[in-house]
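Quick notes on the structure that follows.
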Amino acid sequence: MLSREKELSKEGWTKQSTHDEPRLSDVVEMYKEIGLEVHLEPYNPDEEPGCTECMRDASRVYKTIYTRQKPRV
């Protein structure tokens, strides 16, 4: 079974970064302004390499940003 990240990669999505608000909205808007599609996934610290202790705060909602080129019509 593929991980969610690998599934998204097969669909052409590239993992960019993980943020919470207000930075999340700013980064999403920037990607959209440069013409990319944006997809957000719930952040799972257990699936990330390195130290993720500071991102386990239940009072904050982190999302991982994926982008890809928009399909040409």
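By convention here, the chains of the structure tokens are called A, B, ... in the order presented, each chain's residues are numbered starting at 1, and ligands are numbered starting at 1 in the order presented.
Residues in contact with Tyr62 (chain A) at up to 12 Å, not including ones fewer than 5 positions away on its chain and judged by only C-alpha atoms, are Ser17, Thr18, His19, Asp20, Glu21, Pro22, Arg23, Leu24, Ser25, Leu40, Glu41, Pro42, Tyr43, Asn44, Pro45, Thr52, Cys54, Met55, Arg56 and Asp57 of chain A.
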Let's see if you can do this: from backbone DSSP, list all helix (DSSP H, G or I) residues in region 4-35 of chain A, as a CSV table (one decimal) with C-alpha atoms, in the first residue's frame.
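Done, and the output landed in result28.csv:
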```csv
chain,number,residue,atom,x,y,z
A,4,ARG,CA,-0.5,9.3,1.0
A,5,GLU,CA,2.6,11.3,0.0
A,6,LYS,CA,3.5,8.7,-2.6
A,7,GLU,CA,0.0,8.6,-3.9
A,8,LEU,CA,0.0,12.4,-4.3
A,9,SER,CA,3.4,12.2,-6.0
A,10,LYS,CA,2.1,9.8,-8.6
A,23,ARG,CA,1.3,31.8,7.4
A,24,LEU,CA,-0.5,28.9,5.8
A,25,SER,CA,-3.0,31.2,4.0
A,26,ASP,CA,-0.1,33.5,2.9
A,27,VAL,CA,1.9,30.7,1.4
A,28,VAL,CA,-1.2,29.1,-0.3
A,29,GLU,CA,-2.1,32.4,-1.9
A,30,MET,CA,1.5,32.9,-3.1
A,31,TYR,CA,1.5,29.5,-4.9
A,32,LYS,CA,-1.9,30.3,-6.5
A,33,GLU,CA,-0.6,33.7,-7.6
```
Original post:
Between A:Glu47, A:Pro71, A:Tyr66, A:Glu53, which is the closest to Trp13 (chain A) once you count only C-alpha atoms?
Top reply: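 Using only C-alpha atoms, Trp13 (chain A) sits closest to A:Tyr66.
Picture a line from CA of Thr67 (chain A) to CA of Leu2 (chain A); it runs 19.1 Å.
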Subject >> Neighbour list for Arg72 (chain A) as a list in words, cut-off 12 Å, only C-alpha atoms, skip fewer than 2 positions in-chain >> reply: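 Skipping anything fewer than 2 positions along the chain leaves Gly35, Leu36, Glu37, Arg68, Gln69 and Lys70 of chain A.
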Would you mind exporting all heavy atoms of the selected residues as a compact mmCIF listing (two decimals), in the first residue's frame?
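Final output, saved to part-v4.txt:
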```
# COMPACT_ATOMS: atom_id res chain seq x y z
N GLY A 35 0.40 30.69 -10.31
CA GLY A 35 -0.25 29.81 -11.26
C GLY A 35 -0.23 28.33 -10.96
O GLY A 35 -0.46 27.52 -11.85
N LEU A 36 0.02 27.97 -9.71
CA LEU A 36 0.05 26.55 -9.35
C LEU A 36 -1.26 26.12 -8.70
O LEU A 36 -1.94 26.92 -8.05
CB LEU A 36 1.19 26.27 -8.37
CG LEU A 36 2.60 26.49 -8.91
CD1 LEU A 36 3.61 26.33 -7.78
CD2 LEU A 36 2.91 25.54 -10.05
N GLU A 37 -1.60 24.85 -8.88
CA GLU A 37 -2.69 24.25 -8.11
C GLU A 37 -2.15 23.97 -6.73
O GLU A 37 -0.97 23.62 -6.58
CB GLU A 37 -3.13 22.92 -8.73
CG GLU A 37 -4.00 23.04 -9.94
CD GLU A 37 -4.50 21.67 -10.35
OE1 GLU A 37 -3.72 20.89 -10.91
OE2 GLU A 37 -5.69 21.38 -10.10
N ARG A 68 1.16 21.61 -7.84
CA ARG A 68 1.45 21.06 -9.16
C ARG A 68 1.03 22.08 -10.21
O ARG A 68 0.24 23.00 -9.92
CB ARG A 68 0.78 19.71 -9.38
CG ARG A 68 -0.72 19.76 -9.52
CD ARG A 68 -1.28 18.38 -9.78
NE ARG A 68 -2.72 18.43 -9.84
CZ ARG A 68 -3.50 17.37 -9.88
NH1 ARG A 68 -2.98 16.15 -9.87
NH2 ARG A 68 -4.80 17.49 -9.94
N GLN A 69 1.55 21.90 -11.40
CA GLN A 69 1.17 22.77 -12.50
C GLN A 69 -0.30 22.55 -12.83
O GLN A 69 -0.79 21.43 -12.77
CB GLN A 69 2.02 22.46 -13.75
CG GLN A 69 3.48 22.79 -13.58
CD GLN A 69 3.73 24.28 -13.44
OE1 GLN A 69 3.12 25.10 -14.12
NE2 GLN A 69 4.62 24.63 -12.54
N LYS A 70 -0.99 23.61 -13.21
CA LYS A 70 -2.39 23.48 -13.63
C LYS A 70 -2.41 22.80 -14.99
O LYS A 70 -1.53 23.05 -15.83
CB LYS A 70 -3.05 24.86 -13.74
CG LYS A 70 -3.32 25.49 -12.40
CD LYS A 70 -4.04 26.78 -12.56
CE LYS A 70 -4.32 27.40 -11.19
NZ LYS A 70 -5.04 28.67 -11.32
```
Original post:
Between CA of Gln16 (chain A) and CA of Ser59 (chain A), what is the distance, to one decimal in Å?
Top reply: 22.9 Å
Original post:
What is the distance, in Å and to one decimal place, between CA of Gly12 (chain A) and CA of Ile65 (chain A)?
Top reply: 13.3 Å
**OP:** From region 5-64 of chain A, collect each residue whose DSSP state is strand (DSSP E) and return the set as a ChimeraX atom specification.
**Re:** /A:14-19,36-42,63-64
